[in-house]
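A.B. asks: Input data_7.csv, format and content: CSV, C-alpha atoms and all ligand atoms.
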```
chain,number,residue,atom,x,y,z
A,1,MET,CA,100.5,50.2,-89.5
A,2,SER,CA,99.0,53.4,-88.1
A,3,ALA,CA,95.8,55.0,-89.2
A,4,VAL,CA,97.9,58.0,-90.4
A,5,ARG,CA,99.8,55.8,-92.8
A,6,GLU,CA,96.6,54.2,-94.1
A,7,THR,CA,95.1,57.7,-94.8
A,8,ALA,CA,98.2,58.7,-96.6
A,9,GLY,CA,98.0,55.5,-98.7
A,10,ALA,CA,94.4,56.2,-99.5
A,11,ARG,CA,95.5,59.6,-100.9
A,12,ALA,CA,98.3,57.8,-102.8
A,13,VAL,CA,100.9,60.1,-101.5
A,14,PRO,CA,104.4,58.6,-102.3
A,15,GLU,CA,106.4,57.6,-99.3
A,16,LEU,CA,109.5,59.5,-100.4
A,17,GLU,CA,110.0,62.0,-103.2
A,18,LEU,CA,113.0,63.8,-104.6
A,19,VAL,CA,112.3,66.5,-107.1
A,20,GLY,CA,115.1,68.2,-109.0
A,21,VAL,CA,117.6,67.5,-106.3
A,22,GLU,CA,121.1,68.9,-106.7
A,23,LYS,CA,123.9,68.6,-104.2
A,24,ILE,CA,127.1,70.6,-104.4
A,25,PHE,CA,129.6,70.3,-101.5
A,26,GLU,CA,131.8,73.3,-100.9
A,27,THR,CA,134.8,72.9,-98.8
A,28,LYS,CA,137.9,75.2,-98.4
A,29,ARG,CA,139.8,73.0,-100.8
A,30,ALA,CA,137.2,72.0,-103.4
A,31,THR,CA,133.7,72.2,-104.8
A,32,THR,CA,132.2,68.8,-105.6
A,33,HIS,CA,129.0,68.4,-107.6
A,34,ALA,CA,127.8,65.2,-106.0
A,35,LEU,CA,124.3,64.9,-107.4
A,36,THR,CA,122.4,66.5,-110.2
A,37,ALA,CA,118.8,66.5,-111.5
A,38,ILE,CA,117.6,63.7,-109.2
A,39,ASP,CA,113.9,62.9,-109.6
A,40,LEU,CA,112.8,59.9,-107.7
A,41,THR,CA,109.5,58.7,-106.3
A,42,ILE,CA,109.4,55.8,-103.8
A,43,GLU,CA,106.1,54.2,-103.1
A,44,ARG,CA,104.9,52.9,-99.7
A,45,GLU,CA,106.3,49.4,-98.9
A,46,GLU,CA,108.6,49.5,-101.9
A,47,PHE,CA,112.1,48.0,-101.7
A,48,ILE,CA,114.5,50.2,-103.6
A,49,ALA,CA,118.2,49.5,-104.2
A,50,ILE,CA,120.6,52.2,-105.2
A,51,ILE,CA,123.8,51.2,-107.0
A,52,GLY,CA,126.5,53.0,-108.8
A,53,GLN,CA,130.3,53.4,-108.8
A,54,SER,CA,132.2,54.5,-105.8
A,55,GLY,CA,131.9,58.3,-105.3
A,56,CYS,CA,128.8,58.7,-107.5
A,57,GLY,CA,126.7,60.0,-104.6
A,58,LYS,CA,124.8,57.0,-103.2
A,59,THR,CA,125.5,57.8,-99.6
A,60,THR,CA,124.8,61.5,-100.2
A,61,LEU,CA,121.4,60.5,-101.7
A,62,LEU,CA,120.6,58.4,-98.7
A,63,ARG,CA,121.7,61.1,-96.3
A,64,ILE,CA,119.5,63.6,-98.2
A,65,LEU,CA,116.5,61.2,-97.8
A,66,ALA,CA,117.3,60.9,-94.1
A,67,GLY,CA,117.5,64.7,-93.6
A,68,LEU,CA,121.2,64.5,-92.6
A,69,VAL,CA,122.3,66.5,-95.7
A,70,LYS,CA,120.3,69.4,-97.1
A,71,PRO,CA,120.1,69.5,-100.9
A,72,SER,CA,121.6,72.5,-102.6
A,73,GLU,CA,118.5,72.7,-104.7
A,74,GLY,CA,115.2,70.8,-105.2
A,75,ALA,CA,112.7,69.3,-102.8
A,76,VAL,CA,112.6,66.2,-100.5
A,77,ARG,CA,109.3,65.1,-99.3
A,78,ALA,CA,108.2,62.2,-97.0
A,79,GLU,CA,104.5,61.3,-97.1
A,80,GLY,CA,103.9,64.6,-99.0
A,81,ARG,CA,105.6,66.7,-96.3
A,82,SER,CA,108.6,68.8,-97.2
A,83,LEU,CA,111.6,67.8,-95.1
A,84,TRP,CA,113.0,71.3,-95.2
A,85,ASP,CA,111.4,74.7,-94.6
A,86,GLY,CA,114.3,76.9,-95.6
A,87,ALA,CA,117.1,75.9,-93.3
A,88,VAL,CA,114.8,74.3,-90.8
A,89,LEU,CA,114.5,70.5,-90.8
A,90,ASP,CA,111.1,68.9,-90.1
A,91,THR,CA,112.3,66.7,-87.2
A,92,GLU,CA,108.9,65.1,-86.7
A,93,THR,CA,109.1,63.6,-90.1
A,94,VAL,CA,112.8,62.7,-89.9
A,95,ASN,CA,112.2,60.9,-86.6
A,96,LYS,CA,110.0,58.4,-88.5
A,97,LEU,CA,112.9,57.2,-90.6
A,98,GLY,CA,115.3,54.5,-89.5
A,99,ILE,CA,118.8,54.5,-90.7
A,100,VAL,CA,121.6,51.9,-90.7
A,101,PHE,CA,125.2,52.8,-91.7
A,102,GLN,CA,127.9,50.5,-93.0
A,103,ASP,CA,129.5,50.6,-89.5
A,104,PRO,CA,127.0,49.4,-86.9
A,105,ASN,CA,128.0,52.1,-84.4
A,106,LEU,CA,127.0,50.3,-81.3
A,107,PHE,CA,127.8,51.5,-77.8
A,108,PRO,CA,130.4,48.9,-76.5
A,109,TRP,CA,129.4,49.4,-72.9
A,110,TYR,CA,125.7,48.8,-73.6
A,111,SER,CA,124.2,45.3,-74.0
A,112,VAL,CA,122.4,44.3,-77.2
A,113,GLU,CA,119.0,45.1,-75.7
A,114,ASP,CA,120.1,48.5,-74.4
A,115,ASN,CA,121.7,49.4,-77.8
A,116,ILE,CA,118.4,48.4,-79.5
A,117,ALA,CA,116.3,50.3,-77.0
A,118,LEU,CA,118.4,53.5,-77.0
A,119,PRO,CA,116.2,55.4,-79.5
A,120,LEU,CA,113.2,54.5,-77.4
A,121,LYS,CA,115.0,55.8,-74.3
A,122,LEU,CA,115.8,59.1,-76.1
A,123,ARG,CA,112.1,59.3,-77.0
A,124,GLY,CA,111.1,58.9,-73.3
A,125,VAL,CA,109.6,55.4,-73.5
A,126,ASP,CA,109.6,53.7,-70.1
A,127,ARG,CA,112.0,50.9,-69.2
A,128,LYS,CA,109.5,48.1,-69.2
A,129,ALA,CA,108.1,48.9,-72.6
A,130,ARG,CA,111.7,49.4,-73.9
A,131,ARG,CA,112.7,45.9,-72.8
A,132,ALA,CA,109.6,44.3,-74.2
A,133,ARG,CA,110.3,45.9,-77.6
A,134,ALA,CA,114.0,45.0,-77.5
A,135,HIS,CA,113.1,41.4,-76.8
A,136,GLU,CA,110.5,41.4,-79.6
A,137,LEU,CA,113.1,42.8,-82.0
A,138,CYS,CA,115.8,40.3,-80.9
A,139,GLU,CA,113.4,37.6,-82.0
A,140,LEU,CA,112.7,39.3,-85.3
A,141,VAL,CA,116.3,39.7,-86.3
A,142,GLY,CA,117.5,36.4,-84.9
A,143,LEU,CA,119.3,37.6,-81.8
A,144,LYS,CA,117.2,35.7,-79.3
A,145,GLY,CA,119.3,34.6,-76.3
A,146,PHE,CA,121.8,37.4,-76.9
A,147,GLU,CA,119.8,40.2,-75.3
A,148,ARG,CA,122.3,40.6,-72.5
A,149,ALA,CA,125.5,40.2,-74.6
A,150,TYR,CA,127.9,43.0,-75.3
A,151,PRO,CA,128.9,44.1,-78.9
A,152,ARG,CA,132.4,42.6,-78.4
A,153,GLU,CA,130.8,39.2,-77.9
A,154,LEU,CA,129.0,39.3,-81.2
A,155,SER,CA,130.0,38.4,-84.8
A,156,GLY,CA,130.0,41.0,-87.5
A,157,GLY,CA,126.6,39.8,-88.8
A,158,MET,CA,125.1,39.9,-85.3
A,159,ARG,CA,126.4,43.5,-84.8
A,160,GLN,CA,124.7,44.5,-88.0
A,161,ARG,CA,121.5,42.8,-87.0
A,162,THR,CA,121.6,44.7,-83.7
A,163,ALA,CA,122.0,48.0,-85.7
A,164,ILE,CA,119.0,47.0,-87.8
A,165,ALA,CA,116.9,46.1,-84.8
A,166,ARG,CA,117.9,49.5,-83.2
A,167,ALA,CA,116.7,51.3,-86.4
A,168,LEU,CA,113.4,49.3,-86.3
A,169,SER,CA,112.9,50.0,-82.5
A,170,TYR,CA,110.5,53.0,-83.1
A,171,ARG,CA,108.7,51.3,-86.0
A,172,PRO,CA,109.9,53.6,-88.7
A,173,ALA,CA,107.8,53.7,-91.9
A,174,VAL,CA,111.1,53.9,-93.9
A,175,LEU,CA,114.3,52.0,-93.4
A,176,LEU,CA,117.4,53.6,-95.0
A,177,LEU,CA,120.4,51.3,-95.2
A,178,ASP,CA,123.9,52.3,-96.4
A,179,GLU,CA,126.0,49.2,-97.4
A,180,PRO,CA,124.9,47.4,-94.2
A,181,PHE,CA,126.5,44.1,-95.2
A,182,GLY,CA,129.6,45.4,-96.9
A,183,ALA,CA,132.0,44.1,-94.3
A,184,LEU,CA,130.5,40.6,-94.0
A,185,ASP,CA,131.7,37.4,-95.7
A,186,ALA,CA,129.7,36.1,-98.7
A,187,MET,CA,127.8,33.4,-96.8
A,188,THR,CA,126.8,35.6,-93.9
A,189,ARG,CA,125.7,38.3,-96.4
A,190,GLU,CA,123.4,35.9,-98.2
A,191,ARG,CA,121.8,34.9,-94.9
A,192,MET,CA,121.4,38.6,-94.0
A,193,ASN,CA,119.8,39.2,-97.4
A,194,LEU,CA,117.2,36.6,-96.6
A,195,GLU,CA,116.7,38.1,-93.1
A,196,LEU,CA,116.3,41.6,-94.5
A,197,GLN,CA,113.7,40.4,-96.9
A,198,SER,CA,111.7,38.8,-94.1
A,199,ILE,CA,112.1,41.8,-91.9
A,200,ALA,CA,110.9,44.1,-94.7
A,201,ALA,CA,107.8,41.8,-95.1
A,202,ALA,CA,107.1,41.6,-91.4
A,203,THR,CA,107.4,45.3,-90.7
A,204,ARG,CA,106.0,46.4,-94.0
A,205,ALA,CA,108.6,49.2,-94.0
A,206,THR,CA,109.6,51.0,-97.2
A,207,VAL,CA,113.3,50.2,-97.7
A,208,VAL,CA,116.0,52.1,-99.5
A,209,LEU,CA,119.3,50.0,-99.7
A,210,VAL,CA,122.6,51.3,-101.0
A,211,THR,CA,124.8,48.5,-102.1
A,212,HIS,CA,127.9,47.7,-104.1
A,213,SER,CA,126.6,44.3,-104.9
A,214,ILE,CA,124.5,44.0,-108.0
A,215,ASN,CA,123.4,40.5,-106.9
A,216,GLU,CA,122.2,41.8,-103.6
A,217,ALA,CA,120.3,44.6,-105.4
A,218,VAL,CA,118.6,42.2,-107.8
A,219,PHE,CA,117.8,39.7,-105.1
A,220,LEU,CA,116.2,42.2,-102.7
A,221,ALA,CA,114.7,45.1,-104.7
A,222,ASP,CA,111.5,45.8,-106.4
A,223,ARG,CA,113.3,48.6,-108.3
A,224,ILE,CA,117.0,49.3,-108.8
A,225,VAL,CA,118.2,52.9,-109.3
A,226,LEU,CA,121.5,53.0,-111.0
A,227,LEU,CA,123.3,56.3,-110.6
A,228,SER,CA,125.8,57.6,-113.2
A,229,PRO,CA,129.3,58.6,-112.2
A,230,ARG,CA,129.7,62.0,-110.5
A,231,PRO,CA,127.7,64.2,-110.6
A,232,GLY,CA,125.3,61.3,-109.9
A,233,ARG,CA,122.1,61.3,-111.9
A,234,VAL,CA,119.5,58.6,-112.3
A,235,ARG,CA,120.9,56.6,-115.3
A,236,SER,CA,118.3,53.9,-115.2
A,237,ILE,CA,115.5,52.4,-113.1
A,238,THR,CA,115.1,48.6,-113.4
A,239,ARG,CA,112.0,46.8,-112.2
A,240,VAL,CA,112.7,43.4,-110.8
A,241,PRO,CA,109.7,41.1,-111.5
A,242,PHE,CA,110.4,38.1,-109.2
A,243,PRO,CA,107.7,37.2,-106.7
A,244,ARG,CA,108.3,37.1,-103.0
A,245,PRO,CA,109.5,35.5,-100.8
A,246,ARG,CA,112.6,35.0,-102.9
A,247,GLU,CA,114.9,32.1,-102.3
A,248,LEU,CA,118.6,32.1,-102.7
A,249,ASP,CA,118.5,29.7,-105.7
A,250,LEU,CA,116.8,32.5,-107.6
A,251,GLU,CA,120.3,33.7,-108.3
A,252,THR,CA,121.0,30.7,-110.5
A,253,GLN,CA,118.0,31.4,-112.8
A,254,PRO,CA,118.7,32.8,-116.3
A,255,GLU,CA,116.2,35.7,-115.8
A,256,PHE,CA,118.0,36.8,-112.7
A,257,GLN,CA,121.4,36.6,-114.4
A,258,ASP,CA,120.0,38.6,-117.4
A,259,ILE,CA,119.2,41.5,-115.1
A,260,VAL,CA,122.6,41.3,-113.3
A,261,ARG,CA,124.3,41.2,-116.7
A,262,GLU,CA,122.4,44.2,-118.0
A,263,LEU,CA,123.2,46.3,-114.9
A,264,ARG,CA,126.9,45.3,-115.0
A,265,HIS,CA,127.0,46.3,-118.6
A,266,GLN,CA,125.6,49.8,-117.8
A,267,LEU,CA,128.1,50.2,-114.9
A,268,ASP,CA,131.0,49.1,-117.2
A,269,GLU,CA,129.8,51.6,-119.9
A,270,ASP,CA,130.2,54.4,-117.4
A,271,ALA,CA,133.6,53.3,-116.1
B,301,LIG,N1,130.5,66.1,-96.4
B,301,LIG,C1,131.1,66.2,-97.6
B,301,LIG,N2,131.9,67.3,-97.9
B,301,LIG,C2,132.5,67.3,-99.1
B,301,LIG,N3,132.4,66.4,-100.1
B,301,LIG,C3,131.6,65.4,-99.8
B,301,LIG,C4,130.9,65.2,-98.6
B,301,LIG,N4,130.2,64.0,-98.6
B,301,LIG,C5,130.5,63.5,-99.8
B,301,LIG,N5,131.3,64.3,-100.6
B,301,LIG,C6,131.7,64.1,-101.9
B,301,LIG,O1,130.6,63.7,-102.7
B,301,LIG,C7,130.9,62.7,-103.6
B,301,LIG,C8,129.9,61.6,-103.4
B,301,LIG,O2,130.2,60.9,-102.2
B,301,LIG,P1,129.3,59.8,-101.6
B,301,LIG,O3,129.8,59.4,-100.3
B,301,LIG,O4,127.9,60.1,-101.7
B,301,LIG,O5,129.6,58.6,-102.7
B,301,LIG,P2,129.2,57.1,-102.7
B,301,LIG,O6,128.5,56.8,-104.0
B,301,LIG,O7,128.4,56.7,-101.5
B,301,LIG,O8,130.6,56.3,-102.7
B,301,LIG,P3,131.0,54.9,-102.1
B,301,LIG,O9,130.4,53.9,-103.0
B,301,LIG,O10,132.5,54.9,-102.2
B,301,LIG,O11,130.5,54.8,-100.7
B,301,LIG,C9,132.3,62.3,-103.4
B,301,LIG,O12,133.1,63.0,-104.4
B,301,LIG,C10,132.6,62.9,-102.0
B,301,LIG,O13,134.0,63.3,-101.9
B,302,MG,MG,128.9,55.5,-99.8
```
Show me the file's structure as structure tokens.
Ligand SMILES: Nc1ncnc2c1ncn2[C@@H]1O[C@H](COP(=O)(O)OP(=O)(O)OP(=O)(O)O)[C@@H](O)[C@H]1O
Ligand SMILES: [Mg+2]

C.D. replies:
Amino acid sequence: MSAVRETAGARAVPELELVGVEKIFETKRATTHALTAIDLTIEREEFIAIIGQSGCGKTTLLRILAGLVKPSEGAVRAEGRSLWDGAVLDTETVNKLGIVFQDPNLFPWYSVEDNIALPLKLRGVDRKARRARAHELCELVGLKGFERAYPRELSGGMRQRTAIARALSYRPAVLLLDEPFGALDAMTRERMNLELQSIAAATRATVVLVTHSINEAVFLADRIVLLSPRPGRVRSITRVPFPRPRELDLETQPEFQDIVRELRHQLDEDA
């Protein structure tokens, strides 16, 4: 990674930091207290999973980390820099984050390589360099040979991989993923989990993954943040001790199942 990141590491500045974050949505019809008293520090190259019941504020938390939602109170920092100065967003910092939503949001009239390279085009990278990077990424996410295909010609998993490659195109230090595999069948999802693990290792990105799947969280994460029902607060943080790379049969181990059981218990207690 870049010299800037190494310097930041030497000073031990956390990659992402939320301090006393509150989020209250005010609409004409209702006031919703979505998040309260969120304190969370995410270290460089850490893999964090966020779980919690539907509506507890997971997406809101991710959107706050991405600078897409401004907290009502509290601070958000990336590499020690505040994301917000009053109402003004630090776009330079936010542009270093990659985000993948549940819906891959590809442009149907763009090929896979053009979809992947779009953020580079918007950043003024020349055509040749864009293509080279798109091809490199197709290889990384397992889309080699599909560079010229259109989204309608891809499976659901391949569309999600295109979206992940697009988010990686400008080498983000942080990858934010909101239920990226929610719409996939169980087997494809397992394969995507393995791929995400190797992508995280290869890119050394810090990853924050929102998921409904406890198994997915335990399989992938270094730490799991469990949010309480709305207003979401950090109910627990669980460290997952298994070494990497993790193989799928890890899920059959008693130690794995113990962690899953404990998290499920906490979720049930809140229900
Ligand atoms: N833009 C918005 N305007 C008003 N209310 C919002 C907005 N975004 C989210 N909310 C409310 O904030 C709460 C948290 O929503 P959020 O989408 O963060 O939940 P979630 O944990 O991601 O749920 P799910 O698991 O179903 O995706 C909900 O009550 C939702 O209605
Ligand atoms: Mg959500």

A.B. asks: If the limit is 7 Å from any atom of ligand LIG 301 (chain B), counting only C-alpha atoms and all ligand atoms, which residues qualify? Return them as a VMD selection string.

C.D. replies: chain A and resid 25 to 27 32 to 34 52 to 61 212

A.B. asks: Find the spatial neighbours of region 137-146 of chain A, counting all atoms listed in the file, within a cut-off of 10 Å - ignore same-chain residues fewer than 2 positions away - and output them as number ranges by chain.

C.D. replies: A: 111-113, 116-117, 131-135, 148-151, 153-154, 158-162, 164-166, 168-169, 192, 195-196, 198-199, 202-203

A.B. asks: Mind checking which residues fall within 8 Å of Ile237 (chain A), counting only C-alpha atoms, ignoring those fewer than 4 positions away in the same chain, and posting them as a ChimeraX atom specification?

C.D. replies: /A:223-226

A.B. asks: Save the residues we just selected, C-alpha atoms, as a short mmCIF file (atom, residue, chain, number, x, y, z; two decimals), keeping the file's coordinate frame?

C.D. replies:
```
data_model
loop_
_atom_site.label_atom_id
_atom_site.label_comp_id
_atom_site.auth_asym_id
_atom_site.auth_seq_id
_atom_site.Cartn_x
_atom_site.Cartn_y
_atom_site.Cartn_z
CA ARG A 223 113.30 48.60 -108.30
CA ILE A 224 117.00 49.30 -108.80
CA VAL A 225 118.20 52.90 -109.30
CA LEU A 226 121.50 53.00 -111.00
#
```

A.B. asks: Just checking: using all atoms listed in the file, which residue out of A:Gln257, A:Gln266, A:Gln102, A:Arg127 ends up closest to Ser236 (chain A)?

C.D. replies: A:Gln266

A.B. asks: For region 178-210 of chain A versus region 240-245 of chain A, which residues have an atom no more than 9 Å away, and what is each residue's nearest atom pair and distance in Å rounded to one decimal, using only C-alpha atoms, chain-then-number order, as CSV?

C.D. replies:
```
residue,atom,partner,partner_atom,distance
A:Leu194,CA,A:Pro245,CA,8.8
A:Gln197,CA,A:Pro245,CA,7.5
A:Ser198,CA,A:Pro245,CA,7.8
A:Ala201,CA,A:Pro245,CA,8.7
```

A.B. asks: Place N, CA and C atoms on region 152-173 of chain A and deliver the coordinates as a compact mmCIF listing (two decimals), in the coordinates of the input.

C.D. replies:
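File produced: result.txt:
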```
# COMPACT_ATOMS: atom_id res chain seq x y z
N ARG A 152 131.14 43.35 -78.19
CA ARG A 152 132.40 42.60 -78.40
C ARG A 152 132.20 41.12 -78.46
N GLU A 153 131.08 40.66 -77.91
CA GLU A 153 130.80 39.20 -77.90
C GLU A 153 130.04 38.75 -79.11
N LEU A 154 129.79 39.65 -80.05
CA LEU A 154 129.00 39.30 -81.20
C LEU A 154 129.83 39.18 -82.47
N SER A 155 129.33 38.41 -83.44
CA SER A 155 130.00 38.40 -84.80
C SER A 155 129.59 39.63 -85.53
N GLY A 156 130.26 39.85 -86.67
CA GLY A 156 130.00 41.00 -87.50
C GLY A 156 128.50 41.08 -87.92
N GLY A 157 127.99 39.92 -88.35
CA GLY A 157 126.60 39.80 -88.80
C GLY A 157 125.63 40.15 -87.66
N MET A 158 125.98 39.66 -86.46
CA MET A 158 125.10 39.90 -85.30
C MET A 158 125.13 41.38 -84.92
N ARG A 159 126.28 42.01 -85.07
CA ARG A 159 126.40 43.50 -84.80
C ARG A 159 125.47 44.23 -85.75
N GLN A 160 125.53 43.83 -87.04
CA GLN A 160 124.70 44.50 -88.00
C GLN A 160 123.22 44.28 -87.72
N ARG A 161 122.89 43.06 -87.28
CA ARG A 161 121.50 42.80 -87.00
C ARG A 161 121.04 43.63 -85.77
N THR A 162 121.96 43.85 -84.82
CA THR A 162 121.60 44.70 -83.70
C THR A 162 121.34 46.14 -84.19
N ALA A 163 122.18 46.60 -85.13
CA ALA A 163 122.00 48.00 -85.70
C ALA A 163 120.63 48.05 -86.42
N ILE A 164 120.28 46.97 -87.12
CA ILE A 164 119.00 47.00 -87.80
C ILE A 164 117.84 46.98 -86.83
N ALA A 165 117.98 46.15 -85.79
CA ALA A 165 116.90 46.10 -84.80
C ALA A 165 116.79 47.49 -84.11
N ARG A 166 117.91 48.15 -83.85
CA ARG A 166 117.90 49.50 -83.20
C ARG A 166 117.11 50.45 -84.16
N ALA A 167 117.40 50.37 -85.47
CA ALA A 167 116.70 51.30 -86.40
C ALA A 167 115.22 50.97 -86.48
N LEU A 168 114.86 49.70 -86.19
CA LEU A 168 113.40 49.30 -86.30
C LEU A 168 112.70 49.62 -84.96
N SER A 169 113.45 49.97 -83.89
CA SER A 169 112.90 50.00 -82.50
C SER A 169 111.62 50.92 -82.48
N TYR A 170 111.66 52.05 -83.15
CA TYR A 170 110.50 53.00 -83.10
C TYR A 170 109.58 52.85 -84.24
N ARG A 171 109.60 51.66 -84.85
CA ARG A 171 108.70 51.30 -86.00
C ARG A 171 108.73 52.36 -87.07
N PRO A 172 109.88 52.55 -87.68
CA PRO A 172 109.90 53.60 -88.70
C PRO A 172 109.15 53.09 -89.96
N ALA A 173 108.54 54.03 -90.63
CA ALA A 173 107.80 53.70 -91.90
C ALA A 173 108.83 53.41 -92.95
```
